[in-house]
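Data block for input_37.pdb (PDB, C-alpha atoms):
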ATOM      1  CA  MET P   1       0.000   0.000   0.000
ATOM      2  CA  GLU P   2       1.336   3.460  -0.916
ATOM      3  CA  GLU P   3       2.192   5.691   2.022
ATOM      4  CA  THR P   4       0.547   9.089   2.253
ATOM      5  CA  LEU P   5       1.311  12.086   4.415
ATOM      6  CA  GLU P   6      -2.148  12.280   5.957
ATOM      7  CA  LYS P   7      -4.418   9.643   7.463
ATOM      8  CA  ASN P   8      -8.167  10.176   7.355
ATOM      9  CA  VAL P   9      -8.633   8.434  10.688
ATOM     10  CA  LEU P  10      -9.044   9.744  14.212
ATOM     11  CA  PRO P  11      -6.082   9.420  16.592
ATOM     12  CA  ARG P  12      -6.459   6.349  18.813
ATOM     13  CA  ILE P  13      -5.565   6.537  22.490
ATOM     14  CA  LEU P  14      -5.174   3.704  25.011
ATOM     15  CA  ILE P  15      -5.929   4.623  28.634
ATOM     16  CA  ALA P  16      -4.762   2.202  31.344
ATOM     17  CA  ASP P  17      -5.905   2.899  34.920
ATOM     18  CA  ASP P  18      -7.421   0.589  37.529
ATOM     19  CA  GLU P  19      -9.683   3.342  38.918
ATOM     20  CA  ASP P  20     -12.922   3.336  36.932
ATOM     21  CA  GLY P  21     -13.802   6.934  37.805
ATOM     22  CA  ILE P  22     -10.479   8.383  36.681
ATOM     23  CA  ARG P  23     -10.454   6.280  33.530
ATOM     24  CA  PHE P  24     -13.996   7.432  32.686
ATOM     25  CA  ALA P  25     -13.129  11.095  33.298
ATOM     26  CA  MET P  26     -10.103  10.939  31.005
ATOM     27  CA  LYS P  27     -12.104   9.095  28.363
ATOM     28  CA  GLU P  28     -14.883  11.705  28.388
ATOM     29  CA  THR P  29     -12.396  14.582  28.243
ATOM     30  CA  LEU P  30     -10.457  13.170  25.310
ATOM     31  CA  ALA P  31     -13.502  11.872  23.421
ATOM     32  CA  GLU P  32     -14.768  15.465  23.351
ATOM     33  CA  GLU P  33     -11.579  16.330  21.436
ATOM     34  CA  GLY P  34     -12.484  13.797  18.745
ATOM     35  CA  TYR P  35     -10.136  10.975  19.751
ATOM     36  CA  GLU P  36     -10.984   7.268  19.679
ATOM     37  CA  ILE P  37     -10.439   5.723  23.117
ATOM     38  CA  GLU P  38      -9.776   2.177  24.285
ATOM     39  CA  GLU P  39      -9.507   1.285  27.965
ATOM     40  CA  ALA P  40      -7.552  -1.164  30.091
ATOM     41  CA  SER P  41      -8.094  -1.718  33.804
ATOM     42  CA  ASP P  42      -4.597  -3.088  34.491
ATOM     43  CA  GLY P  43      -1.127  -3.229  32.987
ATOM     44  CA  GLN P  44      -1.358  -6.701  31.496
ATOM     45  CA  GLU P  45      -4.612  -5.851  29.729
ATOM     46  CA  ALA P  46      -2.933  -2.757  28.278
ATOM     47  CA  VAL P  47      -0.023  -4.835  26.941
ATOM     48  CA  ASP P  48      -2.454  -7.367  25.460
ATOM     49  CA  LEU P  49      -4.457  -4.622  23.735
ATOM     50  CA  PHE P  50      -1.404  -2.814  22.425
ATOM     51  CA  GLY P  51       0.173  -3.478  19.051
ATOM     52  CA  PRO P  52       2.627  -1.559  16.824
ATOM     53  CA  GLU P  53       0.822   1.182  14.867
ATOM     54  CA  LYS P  54      -2.467   0.341  16.631
ATOM     55  CA  PHE P  55      -2.453   3.371  18.955
ATOM     56  CA  ASP P  56      -1.175   6.905  18.505
ATOM     57  CA  LEU P  57      -0.842   7.583  22.239
ATOM     58  CA  VAL P  58      -0.855   5.635  25.521
ATOM     59  CA  ILE P  59      -1.750   6.974  28.984
ATOM     60  CA  LEU P  60      -0.533   4.820  31.895
ATOM     61  CA  ASP P  61      -1.261   5.088  35.598
ATOM     62  CA  TYR P  62       1.589   3.958  37.831
ATOM     63  CA  ARG P  63      -0.370   1.947  40.410
ATOM     64  CA  MET P  64      -2.090  -0.943  38.639
ATOM     65  CA  PRO P  65      -2.479  -4.663  39.342
ATOM     66  CA  THR P  66      -0.640  -7.410  37.388
ATOM     67  CA  LEU P  67       1.880  -4.940  35.924
ATOM     68  CA  ASP P  68       2.571  -1.495  37.316
ATOM     69  CA  GLY P  69       2.948   1.520  35.066
ATOM     70  CA  LEU P  70       6.722   1.254  34.674
ATOM     71  CA  GLU P  71       6.580  -2.441  33.813
ATOM     72  CA  THR P  72       3.794  -1.746  31.330
ATOM     73  CA  LEU P  73       5.766   1.125  29.799
ATOM     74  CA  LYS P  74       8.801  -1.126  29.267
ATOM     75  CA  ALA P  75       6.648  -3.882  27.738
ATOM     76  CA  ILE P  76       5.049  -1.421  25.304
ATOM     77  CA  ARG P  77       8.422   0.093  24.428
ATOM     78  CA  ARG P  78       9.645  -3.358  23.397
ATOM     79  CA  GLN P  79       6.844  -3.419  20.817
ATOM     80  CA  ASP P  80       6.978   0.213  19.691
ATOM     81  CA  ALA P  81       9.909   2.513  20.414
ATOM     82  CA  GLU P  82       8.172   5.671  19.214
ATOM     83  CA  VAL P  83       4.547   5.769  20.394
ATOM     84  CA  PRO P  84       4.143   8.664  22.892
ATOM     85  CA  ILE P  85       3.414   7.446  26.432
ATOM     86  CA  LEU P  86       2.023   9.751  29.127
ATOM     87  CA  PHE P  87       2.609   8.689  32.724
ATOM     88  CA  VAL P  88       0.176   9.406  35.568
ATOM     89  CA  THR P  89       1.441   9.514  39.166
ATOM     90  CA  ALA P  90       0.074  10.538  42.539
ATOM     91  CA  TYR P  91       0.933  13.994  43.846
ATOM     92  CA  GLY P  92       4.455  14.069  45.239
ATOM     93  CA  SER P  93       5.719  11.042  43.240
ATOM     94  CA  LYS P  94       8.252  13.035  41.239
ATOM     95  CA  ASP P  95      10.950  10.348  41.462
ATOM     96  CA  LEU P  96       8.637   7.844  39.763
ATOM     97  CA  ALA P  97       7.837  10.375  37.071
ATOM     98  CA  MET P  98      11.537  10.992  36.431
ATOM     99  CA  GLU P  99      12.159   7.252  36.170
ATOM    100  CA  ALA P 100       9.306   6.972  33.667
ATOM    101  CA  LEU P 101      10.860   9.733  31.557
ATOM    102  CA  ARG P 102      14.202   7.903  31.616
ATOM    103  CA  GLU P 103      12.433   4.756  30.411
ATOM    104  CA  GLY P 104      10.982   6.612  27.439
ATOM    105  CA  ALA P 105       7.768   8.304  28.594
ATOM    106  CA  TYR P 106       6.930  11.446  26.615
ATOM    107  CA  ASP P 107       5.590  13.412  29.596
ATOM    108  CA  TYR P 108       3.752  12.972  32.903
ATOM    109  CA  PHE P 109       1.052  14.596  35.003
ATOM    110  CA  THR P 110      -0.038  14.113  38.599
ATOM    111  CA  LYS P 111      -3.322  13.317  40.295
ATOM    112  CA  PRO P 112      -5.578  15.130  40.805
ATOM    113  CA  PHE P 113      -5.069  16.205  37.207
ATOM    114  CA  ASP P 114      -6.234  19.306  35.438
ATOM    115  CA  VAL P 115      -8.512  18.624  32.458
ATOM    116  CA  ASP P 116      -7.089  21.472  30.390
ATOM    117  CA  GLU P 117      -3.551  20.286  31.096
ATOM    118  CA  ILE P 118      -4.407  16.815  29.792
ATOM    119  CA  ARG P 119      -5.861  18.281  26.604
ATOM    120  CA  VAL P 120      -2.741  20.370  25.970
ATOM    121  CA  VAL P 121      -0.227  17.585  26.699
ATOM    122  CA  VAL P 122      -2.130  15.045  24.592
ATOM    123  CA  ARG P 123      -2.453  17.471  21.676
ATOM    124  CA  ARG P 124       1.263  18.293  21.832
ATOM    125  CA  ALA P 125       2.265  14.616  21.946
ATOM    126  CA  LEU P 126       0.043  13.732  18.985
ATOM    127  CA  GLU P 127       1.351  16.660  16.951
ATOM    128  CA  LYS P 128       4.907  15.474  17.553
ATOM    129  CA  ARG P 129       3.908  11.931  16.571
ATOM    130  CA  THR P 130       2.321  13.203  13.346
ATOM    131  CA  LEU P 131       5.351  15.337  12.509
ATOM    132  CA  ARG P 132       7.731  12.424  13.040
ATOM    133  CA  ARG P 133       5.629  10.214  10.758
ATOM    134  CA  ARG P 134       5.572  12.878   8.047
ATOM    135  CA  VAL P 135       9.357  13.224   8.186
ATOM    136  CA  GLN P 136       9.812   9.440   7.968
ATOM    137  CA  ILE P 137       7.418   9.125   5.025
ATOM    138  CA  LEU P 138       8.965  12.072   3.170
ATOM    139  CA  SER P 139      12.416  10.625   3.772
ATOM    140  CA  ARG P 140      11.382   7.254   2.341
ATOM    141  CA  HIS P 141       9.709   8.914  -0.652
ATOM    142  CA  MET P 142      12.794  11.016  -1.341
ATOM    143  CA  ASP P 143      15.074   8.004  -1.071
ATOM    144  CA  ALA P 144      12.851   5.917  -3.342
ATOM    145  CA  SER P 145      12.373   8.603  -5.985
ATOM    146  CA  LEU P 146      15.871  10.110  -5.925
ATOM    147  CA  GLY P 147      18.496   8.551  -3.696
ATOM    148  CA  PHE P 148      21.252  10.000  -5.891
ATOM    149  CA  ASP P 149      21.963  13.295  -4.123
ATOM    150  CA  GLN P 150      25.658  12.452  -3.697
ATOM    151  CA  ILE P 151      26.205  11.460  -7.337
ATOM    152  CA  ILE P 152      26.945  14.391  -9.617
ATOM    153  CA  GLY P 153      25.081  14.356 -12.895
ATOM    154  CA  SER P 154      22.149  15.820 -14.794
ATOM    155  CA  THR P 155      23.100  14.810 -18.326
ATOM    156  CA  THR P 156      21.182  12.240 -20.340
ATOM    157  CA  GLU P 157      23.928   9.678 -19.691
ATOM    158  CA  MET P 158      23.710  10.113 -15.933
ATOM    159  CA  ARG P 159      19.907  10.122 -15.857
ATOM    160  CA  ASP P 160      20.014   6.859 -17.796
ATOM    161  CA  LEU P 161      22.438   5.500 -15.198
ATOM    162  CA  PHE P 162      20.104   6.534 -12.353
ATOM    163  CA  HIS P 163      17.174   4.731 -13.992
ATOM    164  CA  LEU P 164      19.336   1.643 -14.545
ATOM    165  CA  ILE P 165      20.391   1.648 -10.880
ATOM    166  CA  GLN P 166      16.739   1.655  -9.810
ATOM    167  CA  ARG P 167      15.962  -1.215 -12.188
ATOM    168  CA  VAL P 168      18.854  -3.472 -11.194
ATOM    169  CA  ALA P 169      18.694  -2.725  -7.461
ATOM    170  CA  GLY P 170      15.716  -4.994  -6.895
ATOM    171  CA  GLN P 171      17.097  -7.958  -8.852
ATOM    172  CA  ASP P 172      19.551  -9.098  -6.140
ATOM    173  CA  VAL P 173      22.224 -10.162  -8.630
ATOM    174  CA  THR P 174      25.919  -9.362  -8.845
ATOM    175  CA  VAL P 175      26.754  -5.958 -10.306
ATOM    176  CA  LEU P 176      30.037  -4.781 -11.833
ATOM    177  CA  VAL P 177      30.569  -0.999 -11.734
ATOM    178  CA  LEU P 178      32.966   0.254 -14.400
ATOM    179  CA  GLY P 179      34.581   3.669 -14.588
ATOM    180  CA  GLU P 180      37.714   5.692 -14.180
ATOM    181  CA  SER P 181      39.086   6.610 -10.772
ATOM    182  CA  GLY P 182      37.132   9.481  -9.250
ATOM    183  CA  THR P 183      33.877   8.866 -11.119
ATOM    184  CA  GLY P 184      32.023   7.778  -7.969
ATOM    185  CA  LYS P 185      31.898   3.997  -8.222
ATOM    186  CA  GLU P 186      31.338   3.528  -4.474
ATOM    187  CA  LEU P 187      28.503   6.085  -4.544
ATOM    188  CA  VAL P 188      26.830   4.121  -7.339
ATOM    189  CA  ALA P 189      27.257   0.881  -5.393
ATOM    190  CA  SER P 190      25.775   2.524  -2.300
ATOM    191  CA  ALA P 191      22.802   3.774  -4.347
ATOM    192  CA  VAL P 192      22.153   0.235  -5.614
ATOM    193  CA  HIS P 193      22.210  -0.998  -2.014
ATOM    194  CA  ARG P 194      19.865   1.760  -0.775
ATOM    195  CA  HIS P 195      17.294   0.896  -3.429
ATOM    196  CA  SER P 196      17.499  -2.867  -2.841
ATOM    197  CA  LYS P 197      15.609  -5.129  -0.462
ATOM    198  CA  ARG P 198      18.852  -5.342   1.560
ATOM    199  CA  ARG P 199      18.852  -1.601   2.337
ATOM    200  CA  ASN P 200      18.202  -2.158   6.061
ATOM    201  CA  LYS P 201      21.275  -4.402   6.357
ATOM    202  CA  ASN P 202      24.967  -3.523   6.240
ATOM    203  CA  PHE P 203      26.743  -2.011   3.242
ATOM    204  CA  VAL P 204      30.406  -2.977   3.687
ATOM    205  CA  ALA P 205      33.079  -1.552   1.381
ATOM    206  CA  ILE P 206      36.736  -2.447   0.918
ATOM    207  CA  ASN P 207      39.376  -1.271  -1.561
ATOM    208  CA  CYS P 208      41.203  -4.325  -2.875
ATOM    209  CA  ALA P 209      44.066  -2.213  -4.260
ATOM    210  CA  ALA P 210      44.805  -0.506  -0.951
ATOM    211  CA  ILE P 211      45.619  -3.629   1.099
ATOM    212  CA  PRO P 212      48.387  -6.204   0.422
ATOM    213  CA  GLY P 213      47.110  -9.631  -0.640
ATOM    214  CA  GLU P 214      47.949 -11.512   2.562
ATOM    215  CA  LEU P 215      46.227  -8.877   4.675
ATOM    216  CA  LEU P 216      43.310  -8.533   2.263
ATOM    217  CA  GLU P 217      42.426 -12.213   2.699
ATOM    218  CA  SER P 218      42.157 -11.762   6.467
ATOM    219  CA  GLU P 219      40.164  -8.535   6.049
ATOM    220  CA  LEU P 220      37.675 -10.176   3.702
ATOM    221  CA  PHE P 221      37.276 -13.602   5.272
ATOM    222  CA  GLY P 222      38.547 -13.190   8.826
ATOM    223  CA  HIS P 223      40.973 -15.496  10.581
ATOM    224  CA  GLU P 224      41.155 -17.985  13.419
ATOM    225  CA  ARG P 225      43.293 -17.563  16.501
ATOM    226  CA  GLY P 226      46.880 -18.621  15.769
ATOM    227  CA  ALA P 227      46.415 -18.493  11.994
ATOM    228  CA  PHE P 228      49.587 -16.410  11.700
ATOM    229  CA  THR P 229      51.987 -14.442  13.877
ATOM    230  CA  GLY P 230      50.022 -11.827  15.772
ATOM    231  CA  ALA P 231      46.661 -13.555  15.349
ATOM    232  CA  HIS P 232      45.913 -13.653  19.077
ATOM    233  CA  ALA P 233      42.141 -13.937  18.682
ATOM    234  CA  GLN P 234      39.546 -14.928  16.132
ATOM    235  CA  LYS P 235      38.606 -12.117  13.758
ATOM    236  CA  ILE P 236      35.355 -11.774  11.815
ATOM    237  CA  GLY P 237      35.918 -10.619   8.242
ATOM    238  CA  LYS P 238      34.082  -8.129   6.052
ATOM    239  CA  PHE P 239      31.929 -10.805   4.423
ATOM    240  CA  GLU P 240      30.499 -11.902   7.752
ATOM    241  CA  HIS P 241      29.865  -8.282   8.731
ATOM    242  CA  ALA P 242      27.995  -7.854   5.439
ATOM    243  CA  ASN P 243      25.844 -10.964   5.959
ATOM    244  CA  GLY P 244      22.311 -10.195   4.814
ATOM    245  CA  GLY P 245      23.479  -6.985   3.163
ATOM    246  CA  THR P 246      25.824  -5.855   0.407
ATOM    247  CA  MET P 247      29.584  -6.301  -0.007
ATOM    248  CA  PHE P 248      31.315  -3.716  -2.204
ATOM    249  CA  LEU P 249      34.695  -4.766  -3.608
ATOM    250  CA  ASP P 250      36.377  -1.697  -5.066
ATOM    251  CA  GLU P 251      39.230  -2.141  -7.578
ATOM    252  CA  ILE P 252      38.706  -5.889  -7.789
ATOM    253  CA  GLY P 253      40.926  -5.941 -10.879
ATOM    254  CA  ASP P 254      43.913  -5.605  -8.541
ATOM    255  CA  MET P 255      43.080  -8.761  -6.548
ATOM    256  CA  ASP P 256      45.751 -11.490  -6.718
ATOM    257  CA  SER P 257      45.067 -14.894  -8.280
ATOM    258  CA  MET P 258      44.861 -16.809  -4.971
ATOM    259  CA  LEU P 259      42.165 -14.501  -3.658
ATOM    260  CA  GLN P 260      40.365 -14.593  -6.999
ATOM    261  CA  ALA P 261      39.908 -18.358  -6.536
ATOM    262  CA  LYS P 262      38.507 -17.877  -3.042
ATOM    263  CA  MET P 263      36.210 -15.118  -4.307
ATOM    264  CA  LEU P 264      34.888 -17.439  -7.006
ATOM    265  CA  ARG P 265      33.819 -19.915  -4.321
ATOM    266  CA  VAL P 266      31.904 -17.190  -2.491
ATOM    267  CA  LEU P 267      30.073 -16.232  -5.682
ATOM    268  CA  GLN P 268      29.305 -19.851  -6.591
ATOM    269  CA  ASP P 269      28.472 -21.347  -3.200
ATOM    270  CA  ASN P 270      28.037 -18.414  -0.783
ATOM    271  CA  GLU P 271      30.631 -19.930   1.546
ATOM    272  CA  PHE P 272      34.289 -19.692   2.551
ATOM    273  CA  GLN P 273      36.725 -20.592   5.320
ATOM    274  CA  ARG P 274      38.465 -18.125   7.588
ATOM    275  CA  VAL P 275      42.249 -17.923   7.306
ATOM    276  CA  GLY P 276      43.724 -20.752   9.377
ATOM    277  CA  GLY P 277      40.352 -22.442   9.795
ATOM    278  CA  ASN P 278      38.643 -25.522   8.394
ATOM    279  CA  LYS P 279      35.061 -24.644   9.272
ATOM    280  CA  THR P 280      32.870 -23.542   6.371
ATOM    281  CA  VAL P 281      31.156 -20.199   6.922
ATOM    282  CA  LYS P 282      27.896 -19.602   5.038
ATOM    283  CA  VAL P 283      26.847 -16.062   4.125
ATOM    284  CA  ASP P 284      23.982 -14.378   2.295
ATOM    285  CA  VAL P 285      25.617 -11.385   0.633
ATOM    286  CA  ARG P 286      25.023  -9.426  -2.535
ATOM    287  CA  ILE P 287      28.330  -8.595  -4.196
ATOM    288  CA  ILE P 288      28.929  -5.361  -6.064
ATOM    289  CA  ALA P 289      32.415  -5.086  -7.551
ATOM    290  CA  ALA P 290      34.104  -2.149  -9.242
ATOM    291  CA  THR P 291      37.197  -1.580 -11.332
ATOM    292  CA  ASN P 292      38.895   1.039 -13.467
ATOM    293  CA  LYS P 293      40.490  -1.691 -15.577
ATOM    294  CA  ASP P 294      39.256  -3.463 -18.698
ATOM    295  CA  LEU P 295      38.711  -6.894 -17.142
ATOM    296  CA  SER P 296      38.227  -8.622 -20.499
ATOM    297  CA  GLU P 297      41.708  -7.405 -21.436
ATOM    298  CA  GLU P 298      43.037  -8.559 -18.054
ATOM    299  CA  VAL P 299      41.533 -11.992 -18.749
ATOM    300  CA  ALA P 300      43.205 -12.111 -22.178
ATOM    301  CA  LYS P 301      46.565 -11.338 -20.562
ATOM    302  CA  GLY P 302      46.079 -14.055 -17.928
ATOM    303  CA  ARG P 303      45.912 -11.626 -15.013
ATOM    304  CA  PHE P 304      42.251 -12.180 -14.128
ATOM    305  CA  ARG P 305      40.253 -15.397 -13.985
ATOM    306  CA  GLU P 306      37.776 -15.729 -16.829
ATOM    307  CA  ASP P 307      35.256 -17.679 -14.708
ATOM    308  CA  LEU P 308      35.362 -14.998 -12.005
ATOM    309  CA  PHE P 309      34.914 -12.256 -14.608
ATOM    310  CA  PHE P 310      31.756 -13.915 -15.945
ATOM    311  CA  ARG P 311      30.412 -14.335 -12.406
ATOM    312  CA  LEU P 312      30.987 -10.659 -11.663
ATOM    313  CA  ASN P 313      29.820  -9.243 -14.983
ATOM    314  CA  VAL P 314      26.151 -10.239 -14.593
ATOM    315  CA  ILE P 315      24.986  -6.611 -14.799
ATOM    316  CA  PRO P 316      27.607  -4.009 -15.749
ATOM    317  CA  LEU P 317      27.056  -0.351 -14.831
ATOM    318  CA  TYR P 318      29.296   2.079 -16.675
ATOM    319  CA  ILE P 319      29.948   5.561 -15.259
ATOM    320  CA  PRO P 320      31.037   7.979 -18.005
ATOM    321  CA  PRO P 321      33.987  10.241 -17.136
ATOM    322  CA  LEU P 322      33.244  13.882 -16.401
ATOM    323  CA  ARG P 323      35.157  15.058 -19.491
ATOM    324  CA  ASN P 324      32.527  13.323 -21.643
ATOM    325  CA  ARG P 325      29.616  15.104 -19.942
ATOM    326  CA  ARG P 326      30.509  18.769 -20.007
ATOM    327  CA  ALA P 327      27.025  19.830 -18.912
ATOM    328  CA  ASP P 328      27.716  18.395 -15.450
ATOM    329  CA  VAL P 329      30.802  20.566 -14.875
ATOM    330  CA  PRO P 330      28.804  23.637 -13.638
ATOM    331  CA  ILE P 331      27.213  21.449 -10.918
ATOM    332  CA  LEU P 332      30.648  21.128  -9.336
TER
END
Step by step, read the file and then write its structure as structure tokens.
Amino acid sequence: MEETLEKNVLPRILIADDEDGIRFAMKETLAEEGYEIEEASDGQEAVDLFGPEKFDLVILDYRMPTLDGLETLKAIRRQDAEVPILFVTAYGSKDLAMEALREGAYDYFTKPFDVDEIRVVVRRALEKRTLRRRVQILSRHMDASLGFDQIIGSTTEMRDLFHLIQRVAGQDVTVLVLGESGTGKELVASAVHRHSKRRNKNFVAINCAAIPGELLESELFGHERGAFTGAHAQKIGKFEHANGGTMFLDEIGDMDSMLQAKMLRVLQDNEFQRVGGNKTVKVDVRIIAATNKDLSEEVAKGRFREDLFFRLNVIPLYIPPLRNRRADVPIL
């Protein structure tokens, strides 16, 4: 369902208080403001009624059977970290109110409460809730429709690249980003990740040309304790950190032949062994590689594995150099 900035529904409020008279008074006061009200007579009932996105505001009394107000607040927070919660305490219970605020309550008021104060605090909390939702929705819309604010380009070539990124992002296949140094290959890889179903998982990047081969293997795949001099503890590699997300291998054309063979296994079987280990580690990672070299030429010269090249070159994305798109120069 498409998200919209406004909801044509009344705000829903959950009131939890074991005193029928107080609960009724709050319900009548807030119903007059046009809110939908549900009631709970104890903490456990409130937790059972609550669900993420079900209520826009919760009002909790401290003294309740089964679960007190603080316990109820914590239980609700485990389900929804953002719903505003108002805490009700007896006069003089400021320490309890402060503890509730530390646990994530939006505000508090004391008994006997002032009707006008309740109206104001509730209205303010709901306005903040609405504003936060609008910001989140606008942010998601901007990311989905644009998501390329860091990539320089307004020419036809770059607009075509943006559209291609959006198309390939959802396919969850290996991507090879091609372009000269300085054209923004990592930014393109990051944009693919942000538009993919893996966007809420890690995007892990490493420059294969910047790290010597023996160290690069440990960085990528991790190592076991005692694997080499100085390996005093087990280390988790970049691939394990990227599990569930995206692994970006910049300048993969500079990777040595031994590592190319190990990389081929990851692409074929989604598994590897840490340096110095014999246990197979399984990962679910999308690989995006990048290079400023002509890999087909590197294959012809025997410097890059042909089978690895074909595994990487499922979807190539070419970034044209800035000198070939003069119209983008003023943007800089």
From the set P:Ala189, P:Ala16, P:Leu317, P:Ala40, which residue has the shortest atom-to-atom contact distance to P:Phe87, counting only C-alpha atoms?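 Looking only at the distances to P:Phe87, the closest residue turns out to be P:Ala16.
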For P:Glu186, the nearest of the candidates P:Asn278, P:Leu126, P:Asp250, P:Ala209, counting only C-alpha atoms: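 Selected residue with least distance to P:Glu186: P:Asp250.
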Pick out the residues sitting within 8 Å of stretch 25-29 of chain P, and hand them over as number ranges by chain; count only C-alpha atoms, and ignore anything fewer than 5 positions along from it in its own chain. P: 15, 37, 115, 119
Name the residues that the PyMOL selection byres ((chain P and resi 195) around 9) pulls out of this structure, and write them as an NGL selection string. :P and (143-144 or 147 or 165-166 or 169-170 or 190-194 or 196-199)
With only C-alpha atoms as the basis for distance, which of P:Lys94, P:His223, P:Lys279, P:Arg167 is at the shortest distance from P:Ile315?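 Of the candidates, the smallest distance to P:Ile315 is held by P:Arg167.
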Can you pull out the residues contacting P:Gly277? Cut-off 8 Å, using all atoms listed in the file, and skip same-chain residues under 2 positions away; I want them as a ChimeraX atom specification. /P:223-224,227,273-275,279
Env of P:Ile211: 12 Å cut, atoms = all atoms listed in the file, seq-sep filter 5 positions within chain, self excluded. Answer as a short mmCIF file (atom, residue, chain, number, x, y, z; two decimals) with C-alpha atoms, in the frame of the given file.
data_model
loop_
_atom_site.label_atom_id
_atom_site.label_comp_id
_atom_site.auth_asym_id
_atom_site.auth_seq_id
_atom_site.Cartn_x
_atom_site.Cartn_y
_atom_site.Cartn_z
CA ILE P 206 36.74 -2.45 0.92
CA LEU P 216 43.31 -8.53 2.26
CA GLU P 217 42.43 -12.21 2.70
CA SER P 218 42.16 -11.76 6.47
CA GLU P 219 40.16 -8.54 6.05
CA LEU P 220 37.67 -10.18 3.70
CA LEU P 249 34.70 -4.77 -3.61
CA ASP P 250 36.38 -1.70 -5.07
CA GLU P 251 39.23 -2.14 -7.58
CA ILE P 252 38.71 -5.89 -7.79
CA ASP P 254 43.91 -5.60 -8.54
CA MET P 255 43.08 -8.76 -6.55
CA ASP P 256 45.75 -11.49 -6.72
#
To test your reading of the syntax: which residues would the PyMOL selection byres ((chain P and resi 290-298) around 6) return for the file shown? Reply as a PyMOL selection string. chain P and resi 176-180+250-253+289+299-301+303-304
Quick one: distance from atom CA of P:Asp17 to atom CA of P:Glu99 in Å, one decimal?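 Between these atoms lies a distance of 18.6 Å.
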